[in-house]
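Trainee: One file is attached below, my_file-v3.pdb, containing PDB, C-alpha atoms, pLDDT in the B column.
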```pdb
ATOM      1  CA  MET A  27       0.000   0.000   0.000  1.00 53.00           C
ATOM      2  CA  ILE A  28       1.261   3.424  -0.947  1.00 55.00           C
ATOM      3  CA  ARG A  29       0.748   6.044   1.709  1.00 61.00           C
ATOM      4  CA  ILE A  30       0.255   9.609   0.444  1.00 56.00           C
ATOM      5  CA  GLN A  31       0.685  12.554   2.734  1.00 59.00           C
ATOM      6  CA  THR A  32      -0.958  15.799   1.629  1.00 58.00           C
ATOM      7  CA  THR A  33       0.469  19.184   2.413  1.00 62.00           C
ATOM      8  CA  GLY A  34      -0.726  22.721   1.759  1.00 63.00           C
ATOM      9  CA  ASP A  35      -4.106  24.405   1.812  1.00 64.00           C
ATOM     10  CA  TRP A  36      -6.285  21.822   0.085  1.00 59.00           C
ATOM     11  CA  GLN A  37      -9.452  23.645   1.006  1.00 66.00           C
ATOM     12  CA  ARG A  38      -8.218  26.672  -0.893  1.00 63.00           C
ATOM     13  CA  ALA A  39      -7.141  24.490  -3.822  1.00 58.00           C
ATOM     14  CA  ALA A  40     -10.605  22.952  -4.006  1.00 61.00           C
ATOM     15  CA  MET A  41     -12.167  26.426  -3.974  1.00 60.00           C
ATOM     16  CA  ILE A  42      -9.915  27.492  -6.876  1.00 57.00           C
ATOM     17  CA  LEU A  43     -10.981  24.466  -8.920  1.00 55.00           C
ATOM     18  CA  ARG A  44     -14.680  25.039  -8.175  1.00 62.00           C
ATOM     19  CA  THR A  45     -14.560  28.696  -9.216  1.00 60.00           C
ATOM     20  CA  SER A  46     -12.261  28.311 -12.229  1.00 69.00           C
ATOM     21  CA  PRO A  47     -14.999  28.275 -14.905  1.00 80.00           C
ATOM     22  CA  ALA A  48     -16.577  31.484 -13.592  1.00 81.00           C
ATOM     23  CA  ARG A  49     -13.211  33.180 -13.183  1.00 82.00           C
ATOM     24  CA  LEU A  50     -12.143  32.132 -16.675  1.00 84.00           C
ATOM     25  CA  ARG A  51     -15.364  33.568 -18.117  1.00 86.00           C
ATOM     26  CA  VAL A  52     -14.748  36.915 -16.405  1.00 88.00           C
ATOM     27  CA  ALA A  53     -11.092  36.909 -17.472  1.00 89.00           C
ATOM     28  CA  MET A  54     -12.046  36.313 -21.114  1.00 90.00           C
ATOM     29  CA  ASP A  55     -14.764  38.982 -21.023  1.00 92.00           C
ATOM     30  CA  ARG A  56     -12.267  41.518 -19.704  1.00 92.00           C
ATOM     31  CA  ALA A  57      -9.708  40.467 -22.329  1.00 94.00           C
ATOM     32  CA  VAL A  58     -12.256  40.997 -25.129  1.00 95.00           C
ATOM     33  CA  LEU A  59     -13.023  44.509 -23.907  1.00 95.00           C
ATOM     34  CA  ALA A  60      -9.302  45.281 -23.503  1.00 96.00           C
ATOM     35  CA  GLU A  61      -8.667  44.172 -27.087  1.00 96.00           C
ATOM     36  CA  ALA A  62     -11.435  46.470 -28.326  1.00 96.00           C
ATOM     37  CA  HIS A  63      -9.936  49.469 -26.537  1.00 97.00           C
ATOM     38  CA  PHE A  64      -6.508  48.482 -27.891  1.00 97.00           C
ATOM     39  CA  PHE A  65      -7.968  48.472 -31.410  1.00 97.00           C
ATOM     40  CA  ARG A  66      -9.490  51.917 -30.923  1.00 98.00           C
ATOM     41  CA  ARG A  67      -6.191  53.344 -29.647  1.00 98.00           C
ATOM     42  CA  LYS A  68      -4.364  52.012 -32.698  1.00 98.00           C
ATOM     43  CA  VAL A  69      -6.958  53.481 -35.080  1.00 98.00           C
ATOM     44  CA  VAL A  70      -6.716  56.900 -33.406  1.00 97.00           C
ATOM     45  CA  GLU A  71      -2.925  56.624 -33.461  1.00 98.00           C
ATOM     46  CA  GLY A  72      -3.124  56.046 -37.225  1.00 98.00           C
ATOM     47  CA  PHE A  73      -4.801  59.428 -37.677  1.00 97.00           C
ATOM     48  CA  ARG A  74      -1.933  61.078 -35.791  1.00 96.00           C
ATOM     49  CA  THR A  75       0.856  59.248 -37.634  1.00 97.00           C
ATOM     50  CA  GLN A  76      -1.033  59.288 -40.982  1.00 97.00           C
ATOM     51  CA  ALA A  77      -0.090  55.621 -41.352  1.00 98.00           C
ATOM     52  CA  PRO A  78      -2.635  53.291 -39.713  1.00 97.00           C
ATOM     53  CA  GLY A  79      -1.220  49.814 -39.481  1.00 97.00           C
ATOM     54  CA  ASP A  80       2.011  51.266 -40.952  1.00 96.00           C
ATOM     55  CA  ARG A  81       0.261  51.998 -44.274  1.00 97.00           C
ATOM     56  CA  PRO A  82       0.694  55.704 -45.126  1.00 97.00           C
ATOM     57  CA  PHE A  83      -2.305  57.714 -46.236  1.00 96.00           C
ATOM     58  CA  ARG A  84      -2.304  59.139 -49.728  1.00 92.00           C
ATOM     59  CA  PRO A  85      -1.284  62.817 -49.328  1.00 92.00           C
ATOM     60  CA  LEU A  86      -3.850  65.544 -49.899  1.00 91.00           C
ATOM     61  CA  SER A  87      -3.751  67.315 -53.246  1.00 86.00           C
ATOM     62  CA  PRO A  88      -2.473  70.917 -53.463  1.00 86.00           C
ATOM     63  CA  THR A  89      -5.983  72.047 -54.431  1.00 85.00           C
ATOM     64  CA  THR A  90      -7.499  70.406 -51.352  1.00 88.00           C
ATOM     65  CA  LEU A  91      -4.878  72.015 -49.120  1.00 91.00           C
ATOM     66  CA  ALA A  92      -5.471  75.431 -50.697  1.00 89.00           C
ATOM     67  CA  ILE A  93      -9.221  75.189 -50.136  1.00 90.00           C
ATOM     68  CA  ARG A  94      -8.652  74.021 -46.564  1.00 91.00           C
ATOM     69  CA  ARG A  95      -6.485  77.026 -45.791  1.00 90.00           C
ATOM     70  CA  PHE A  96      -8.928  79.400 -47.475  1.00 91.00           C
ATOM     71  CA  ARG A  97     -11.684  78.072 -45.220  1.00 90.00           C
ATOM     72  CA  GLY A  98      -9.575  78.918 -42.196  1.00 91.00           C
ATOM     73  CA  PHE A  99      -8.286  75.453 -41.311  1.00 91.00           C
ATOM     74  CA  GLY A 100      -4.607  74.644 -40.880  1.00 87.00           C
ATOM     75  CA  GLY A 101      -2.571  71.482 -41.120  1.00 89.00           C
ATOM     76  CA  SER A 102      -1.915  69.118 -43.984  1.00 92.00           C
ATOM     77  CA  LYS A 103      -3.005  65.804 -42.467  1.00 94.00           C
ATOM     78  CA  ALA A 104      -5.622  63.725 -44.232  1.00 96.00           C
ATOM     79  CA  LEU A 105      -8.938  63.012 -42.473  1.00 95.00           C
ATOM     80  CA  ILE A 106      -8.229  65.643 -39.817  1.00 93.00           C
ATOM     81  CA  VAL A 107      -9.794  69.056 -40.192  1.00 91.00           C
ATOM     82  CA  ARG A 108     -11.786  69.553 -36.994  1.00 91.00           C
ATOM     83  CA  GLY A 109     -11.093  66.051 -35.672  1.00 94.00           C
ATOM     84  CA  ASP A 110     -14.768  65.021 -35.770  1.00 96.00           C
ATOM     85  CA  LEU A 111     -14.172  61.705 -37.548  1.00 97.00           C
ATOM     86  CA  ARG A 112     -11.251  60.677 -35.355  1.00 97.00           C
ATOM     87  CA  ASN A 113     -13.051  61.656 -32.149  1.00 96.00           C
ATOM     88  CA  SER A 114     -16.197  59.748 -33.087  1.00 97.00           C
ATOM     89  CA  ILE A 115     -14.477  56.341 -33.076  1.00 97.00           C
ATOM     90  CA  THR A 116     -15.741  54.460 -30.050  1.00 97.00           C
ATOM     91  CA  VAL A 117     -15.966  51.023 -28.458  1.00 97.00           C
ATOM     92  CA  PHE A 118     -19.313  49.215 -28.350  1.00 95.00           C
ATOM     93  CA  HIS A 119     -19.758  46.193 -26.114  1.00 91.00           C
ATOM     94  CA  ARG A 120     -22.483  44.005 -24.681  1.00 91.00           C
ATOM     95  CA  MET A 121     -22.823  40.865 -22.642  1.00 87.00           C
ATOM     96  CA  THR A 122     -24.469  37.815 -24.210  1.00 87.00           C
ATOM     97  CA  ALA A 123     -25.140  34.268 -23.091  1.00 83.00           C
ATOM     98  CA  LEU A 124     -21.840  33.304 -24.731  1.00 80.00           C
ATOM     99  CA  GLY A 125     -19.802  36.086 -23.138  1.00 84.00           C
ATOM    100  CA  ALA A 126     -18.668  39.593 -24.001  1.00 88.00           C
ATOM    101  CA  GLU A 127     -18.899  40.969 -27.538  1.00 93.00           C
ATOM    102  CA  ALA A 128     -17.157  44.164 -28.617  1.00 95.00           C
ATOM    103  CA  TRP A 129     -16.881  46.284 -31.751  1.00 95.00           C
ATOM    104  CA  VAL A 130     -14.985  49.405 -32.697  1.00 96.00           C
ATOM    105  CA  GLY A 131     -16.603  51.925 -35.009  1.00 96.00           C
ATOM    106  CA  ILE A 132     -18.765  55.013 -35.380  1.00 97.00           C
ATOM    107  CA  ARG A 133     -22.343  55.324 -34.196  1.00 94.00           C
ATOM    108  CA  ARG A 134     -24.920  55.671 -36.962  1.00 94.00           C
ATOM    109  CA  ASN A 135     -26.345  58.829 -35.386  1.00 95.00           C
ATOM    110  CA  ALA A 136     -22.947  60.523 -34.900  1.00 96.00           C
ATOM    111  CA  ARG A 137     -22.677  63.859 -36.715  1.00 96.00           C
ATOM    112  CA  GLY A 138     -19.888  66.338 -37.264  1.00 95.00           C
ATOM    113  CA  ARG A 139     -20.079  69.974 -36.330  1.00 93.00           C
ATOM    114  CA  ASP A 140     -21.274  70.720 -39.860  1.00 91.00           C
ATOM    115  CA  GLY A 141     -24.189  68.305 -39.445  1.00 94.00           C
ATOM    116  CA  GLN A 142     -22.908  65.581 -41.759  1.00 94.00           C
ATOM    117  CA  LYS A 143     -23.361  61.939 -40.758  1.00 96.00           C
ATOM    118  CA  LEU A 144     -19.904  60.730 -39.802  1.00 97.00           C
ATOM    119  CA  VAL A 145     -20.603  57.084 -40.566  1.00 96.00           C
ATOM    120  CA  ASN A 146     -21.132  58.036 -44.237  1.00 96.00           C
ATOM    121  CA  ILE A 147     -17.912  60.044 -44.297  1.00 95.00           C
ATOM    122  CA  ALA A 148     -16.054  57.151 -42.692  1.00 97.00           C
ATOM    123  CA  GLU A 149     -17.327  54.721 -45.333  1.00 96.00           C
ATOM    124  CA  ILE A 150     -16.244  57.001 -48.186  1.00 95.00           C
ATOM    125  CA  HIS A 151     -12.724  57.392 -46.820  1.00 96.00           C
ATOM    126  CA  GLU A 152     -12.347  53.732 -45.860  1.00 97.00           C
ATOM    127  CA  PHE A 153     -13.327  52.423 -49.310  1.00 97.00           C
ATOM    128  CA  GLY A 154     -13.111  55.453 -51.614  1.00 95.00           C
ATOM    129  CA  SER A 155     -15.952  56.897 -53.642  1.00 94.00           C
ATOM    130  CA  ARG A 156     -17.312  56.380 -57.124  1.00 93.00           C
ATOM    131  CA  PRO A 157     -16.908  59.267 -59.565  1.00 92.00           C
ATOM    132  CA  ILE A 158     -19.238  62.073 -58.461  1.00 89.00           C
ATOM    133  CA  VAL A 159     -20.533  64.613 -60.986  1.00 90.00           C
ATOM    134  CA  ILE A 160     -21.029  68.034 -59.387  1.00 87.00           C
ATOM    135  CA  PRO A 161     -22.742  70.853 -61.336  1.00 90.00           C
ATOM    136  CA  VAL A 162     -20.720  74.059 -61.033  1.00 87.00           C
ATOM    137  CA  THR A 163     -22.595  77.100 -59.785  1.00 89.00           C
ATOM    138  CA  ALA A 164     -21.435  80.708 -60.015  1.00 88.00           C
ATOM    139  CA  ALA A 165     -20.875  80.750 -56.243  1.00 90.00           C
ATOM    140  CA  MET A 166     -18.713  77.618 -56.448  1.00 87.00           C
ATOM    141  CA  ARG A 167     -16.664  79.120 -59.245  1.00 86.00           C
ATOM    142  CA  ARG A 168     -16.052  82.315 -57.272  1.00 88.00           C
ATOM    143  CA  PHE A 169     -15.087  80.336 -54.168  1.00 89.00           C
ATOM    144  CA  PHE A 170     -12.660  78.107 -56.058  1.00 86.00           C
ATOM    145  CA  PHE A 171     -10.781  80.910 -57.786  1.00 85.00           C
ATOM    146  CA  ALA A 172     -10.697  82.961 -54.585  1.00 87.00           C
ATOM    147  CA  ALA A 173      -9.089  80.006 -52.832  1.00 85.00           C
ATOM    148  CA  MET A 174      -6.572  79.559 -55.641  1.00 82.00           C
ATOM    149  CA  ASN A 175      -5.724  83.262 -55.599  1.00 84.00           C
ATOM    150  CA  ALA A 176      -5.173  83.123 -51.848  1.00 80.00           C
ATOM    151  CA  ALA A 177      -2.841  80.149 -52.380  1.00 77.00           C
ATOM    152  CA  GLY A 178      -0.832  82.040 -55.009  1.00 79.00           C
ATOM    153  CA  ASN A 179      -2.205  80.016 -57.932  1.00 75.00           C
ATOM    154  CA  PRO A 180      -4.629  82.365 -59.710  1.00 66.00           C
ATOM    155  CA  GLY A 181      -5.083  80.076 -62.711  1.00 61.00           C
ATOM    156  CA  GLY A 182      -6.343  77.226 -60.587  1.00 61.00           C
ATOM    157  CA  GLY A 183      -3.981  74.688 -62.123  1.00 57.00           C
ATOM    158  CA  GLY A 184      -5.293  71.353 -63.264  1.00 53.00           C
ATOM    159  CA  GLY A 185      -8.283  71.541 -60.958  1.00 54.00           C
ATOM    160  CA  SER A 186      -9.973  74.370 -62.886  1.00 55.00           C
ATOM    161  CA  GLY A 187     -10.812  72.569 -66.117  1.00 57.00           C
ATOM    162  CA  GLY A 188     -14.194  71.382 -64.907  1.00 62.00           C
ATOM    163  CA  PHE A 189     -15.296  74.923 -64.139  1.00 66.00           C
ATOM    164  CA  ALA A 190     -15.057  75.806 -67.815  1.00 66.00           C
ATOM    165  CA  ARG A 191     -17.233  72.809 -68.724  1.00 74.00           C
ATOM    166  CA  GLY A 192     -19.825  73.641 -66.100  1.00 82.00           C
ATOM    167  CA  PHE A 193     -19.355  70.509 -63.997  1.00 84.00           C
ATOM    168  CA  LEU A 194     -16.727  68.716 -61.935  1.00 84.00           C
ATOM    169  CA  ILE A 195     -16.030  65.008 -61.701  1.00 86.00           C
ATOM    170  CA  VAL A 196     -14.681  64.215 -58.267  1.00 85.00           C
ATOM    171  CA  GLN A 197     -13.527  60.848 -56.959  1.00 89.00           C
ATOM    172  CA  ILE A 198     -12.337  60.580 -53.372  1.00 91.00           C
ATOM    173  CA  PRO A 199      -9.478  58.082 -53.036  1.00 93.00           C
ATOM    174  CA  ALA A 200      -9.603  55.385 -50.391  1.00 96.00           C
ATOM    175  CA  ARG A 201      -7.699  56.172 -47.209  1.00 97.00           C
ATOM    176  CA  PRO A 202      -8.530  53.154 -45.046  1.00 97.00           C
ATOM    177  CA  PHE A 203      -8.037  53.760 -41.348  1.00 97.00           C
ATOM    178  CA  MET A 204      -9.684  50.630 -39.883  1.00 97.00           C
ATOM    179  CA  ARG A 205      -8.694  47.692 -42.091  1.00 97.00           C
ATOM    180  CA  PRO A 206      -4.904  48.196 -41.949  1.00 97.00           C
ATOM    181  CA  VAL A 207      -5.059  48.244 -38.153  1.00 97.00           C
ATOM    182  CA  ALA A 208      -7.156  45.071 -38.051  1.00 96.00           C
ATOM    183  CA  GLU A 209      -4.854  43.297 -40.494  1.00 96.00           C
ATOM    184  CA  LYS A 210      -1.693  44.226 -38.600  1.00 96.00           C
ATOM    185  CA  TRP A 211      -2.803  43.733 -35.006  1.00 96.00           C
ATOM    186  CA  PHE A 212      -5.646  41.214 -35.122  1.00 93.00           C
ATOM    187  CA  ASP A 213      -4.578  38.611 -37.661  1.00 89.00           C
ATOM    188  CA  GLY A 214      -2.202  35.761 -36.947  1.00 87.00           C
ATOM    189  CA  PRO A 215      -0.508  34.086 -33.974  1.00 91.00           C
ATOM    190  CA  ASP A 216       0.634  37.326 -32.347  1.00 93.00           C
ATOM    191  CA  ALA A 217      -2.976  38.402 -31.804  1.00 94.00           C
ATOM    192  CA  ALA A 218      -3.863  35.032 -30.280  1.00 92.00           C
ATOM    193  CA  ALA A 219      -0.839  35.167 -27.980  1.00 92.00           C
ATOM    194  CA  ARG A 220      -1.719  38.703 -26.870  1.00 94.00           C
ATOM    195  CA  PHE A 221      -5.278  37.680 -26.052  1.00 93.00           C
ATOM    196  CA  GLN A 222      -4.104  34.614 -24.127  1.00 91.00           C
ATOM    197  CA  ALA A 223      -1.693  36.782 -22.153  1.00 91.00           C
ATOM    198  CA  ARG A 224      -4.551  39.126 -21.225  1.00 92.00           C
ATOM    199  CA  VAL A 225      -6.669  36.202 -20.056  1.00 90.00           C
ATOM    200  CA  ALA A 226      -3.796  34.810 -17.983  1.00 87.00           C
ATOM    201  CA  ALA A 227      -3.154  38.202 -16.382  1.00 90.00           C
ATOM    202  CA  ASN A 228      -6.849  38.596 -15.583  1.00 88.00           C
ATOM    203  CA  MET A 229      -6.977  35.132 -14.031  1.00 83.00           C
ATOM    204  CA  GLY A 230      -4.095  36.064 -11.760  1.00 80.00           C
ATOM    205  CA  GLY A 231      -5.816  39.253 -10.738  1.00 55.00           C
ATOM    206  CA  LEU A 232      -8.958  37.368  -9.731  1.00 51.00           C
ATOM    207  CA  LEU A 233      -7.339  34.881  -7.382  1.00 46.00           C
ATOM    208  CA  GLY A 234      -8.047  37.183  -4.460  1.00 40.00           C
ATOM    209  CA  LEU A 235     -11.772  37.024  -5.178  1.00 43.00           C
ATOM    210  CA  LEU A 236     -12.175  33.390  -4.222  1.00 39.00           C
ATOM    211  CA  GLY A 237     -15.335  32.846  -2.260  1.00 38.00           C
ATOM    212  CA  SER A 238     -16.876  36.119  -3.511  1.00 41.00           C
ATOM    213  CA  ASN A 239     -18.963  37.016  -6.542  1.00 43.00           C
ATOM    214  CA  PRO A 240     -16.501  36.749  -9.485  1.00 42.00           C
ATOM    215  CA  ARG A 241     -18.460  39.317 -11.509  1.00 43.00           C
ATOM    216  CA  ARG A 242     -18.205  42.068  -8.913  1.00 41.00           C
TER
END
```
Render the structure in this file as structure tokens.
Mentor:
Amino acid sequence: MIRIQTTGDWQRAAMILRTSPARLRVAMDRAVLAEAHFFRRKVVEGFRTQAPGDRPFRPLSPTTLAIRRFRGFGGSKALIVRGDLRNSITVFHRMTALGAEAWVGIRRNARGRDGQKLVNIAEIHEFGSRPIVIPVTAAMRRFFFAAMNAAGNPGGGGGSGGFARGFLIVQIPARPFMRPVAEKWFDGPDAAARFQARVAANMGGLLGLLGSNPRR
């Protein structure tokens, strides 16, 4: 007969085993929410660096910069005039029967200070637009040439041809600010390892809650 002698706090060990499923659920829920906030930080960082996910934005055209300055706005960064689009990016989360779910994006009812729906603006910049035909009015023509004059380009350069025809064809190029971040930080083994590390850290932080409500 083999005699086994136990040592240590077996009562505490049994409590840890009994509460492990609940603690693991809480740890995973917290890790999901932490990943969502990490995603948002990286998207916002991409606006600042102009290279979300290390993919540089296409620079603004000289005409766009001239019009921006004429309207009283400074800076040359793409997608940042007042900061409305960048500041509208938020984290959504909810609890379900299967655990926490989280998304990062822009609310459908979010609007900029000019009243435009920011979710529509975000979609255009993320994917680019189709060619848009804009009829030229007399007021538009005066505004354009005033902006060009203020920028030291009275002829208007290549952007003035449409004014002579009476219409402009505009196509906004894609400047994705969400997909590059997702592809860099949330695809592959590094993302899985980061999530597992968050869960492990959260499990360690919950050991002191044994015997209490693990969701508190």
Trainee: From the set A:Val58, A:Asn179, A:Gly192, A:Gly100, which residue has the shortest atom-to-atom contact distance to Ala164 (chain A), counting only C-alpha atoms?
Mentor: A:Gly192
Trainee: What's the 8 Å shell around Phe203 (chain A), counting only C-alpha atoms, without same-chain residues fewer than 5 positions away, as a ChimeraX atom specification?
Mentor: /A:69,72-73,78,152
Trainee: Using all atoms listed in the file, which protein or nucleic acid residues come within 10 Å of Phe169 (chain A)? Drop anything in the same chain fewer than 5 positions from it, and give the result as a JSON list (two decimals) with C-alpha atoms, in the coordinates of the input.
Mentor:
```
[["chain", "number", "residue", "atom", "x", "y", "z"],
["A", 93, "ILE", "CA", -9.22, 75.19, -50.14],
["A", 96, "PHE", "CA", -8.93, 79.40, -47.48],
["A", 97, "ARG", "CA", -11.68, 78.07, -45.22],
["A", 163, "THR", "CA", -22.60, 77.10, -59.78],
["A", 164, "ALA", "CA", -21.44, 80.71, -60.02],
["A", 174, "MET", "CA", -6.57, 79.56, -55.64],
["A", 175, "ASN", "CA", -5.72, 83.26, -55.60]]
```
Trainee: Pull out every residue that the PyMOL selection byres ((chain A and resi 122-133) around 8) matches in the shown coordinates and put them as a list in words.
Mentor: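 Output of the PyMOL selection byres ((chain A and resi 122-133) around 8): Arg51, Met54, Asp55, Arg56, Val58, Leu59, Ala62, His63, Phe65, Arg66, Ser114, Ile115, Thr116, Val117, Phe118, His119, Arg120, Met121, Arg134, Asn135, Ala136, Leu144 and Val145 of chain A.
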Trainee: Write a file of the just-selected residues containing C-alpha atoms, as a PDB file, keeping the file's coordinate frame.
Mentor:
```pdb
ATOM      1  CA  ARG A  51     -15.364  33.568 -18.117  1.00 86.00           C
ATOM      2  CA  MET A  54     -12.046  36.313 -21.114  1.00 90.00           C
ATOM      3  CA  ASP A  55     -14.764  38.982 -21.023  1.00 92.00           C
ATOM      4  CA  ARG A  56     -12.267  41.518 -19.704  1.00 92.00           C
ATOM      5  CA  VAL A  58     -12.256  40.997 -25.129  1.00 95.00           C
ATOM      6  CA  LEU A  59     -13.023  44.509 -23.907  1.00 95.00           C
ATOM      7  CA  ALA A  62     -11.435  46.470 -28.326  1.00 96.00           C
ATOM      8  CA  HIS A  63      -9.936  49.469 -26.537  1.00 97.00           C
ATOM      9  CA  PHE A  65      -7.968  48.472 -31.410  1.00 97.00           C
ATOM     10  CA  ARG A  66      -9.490  51.917 -30.923  1.00 98.00           C
ATOM     11  CA  SER A 114     -16.197  59.748 -33.087  1.00 97.00           C
ATOM     12  CA  ILE A 115     -14.477  56.341 -33.076  1.00 97.00           C
ATOM     13  CA  THR A 116     -15.741  54.460 -30.050  1.00 97.00           C
ATOM     14  CA  VAL A 117     -15.966  51.023 -28.458  1.00 97.00           C
ATOM     15  CA  PHE A 118     -19.313  49.215 -28.350  1.00 95.00           C
ATOM     16  CA  HIS A 119     -19.758  46.193 -26.114  1.00 91.00           C
ATOM     17  CA  ARG A 120     -22.483  44.005 -24.681  1.00 91.00           C
ATOM     18  CA  MET A 121     -22.823  40.865 -22.642  1.00 87.00           C
ATOM     19  CA  ARG A 134     -24.920  55.671 -36.962  1.00 94.00           C
ATOM     20  CA  ASN A 135     -26.345  58.829 -35.386  1.00 95.00           C
ATOM     21  CA  ALA A 136     -22.947  60.523 -34.900  1.00 96.00           C
ATOM     22  CA  LEU A 144     -19.904  60.730 -39.802  1.00 97.00           C
ATOM     23  CA  VAL A 145     -20.603  57.084 -40.566  1.00 96.00           C
TER      24      VAL A 145
END
```
Trainee: To one decimal place in Å, what is the distance between CA of Val70 (chain A) and CA of Pro85 (chain A)?
Mentor: 17.8 Å
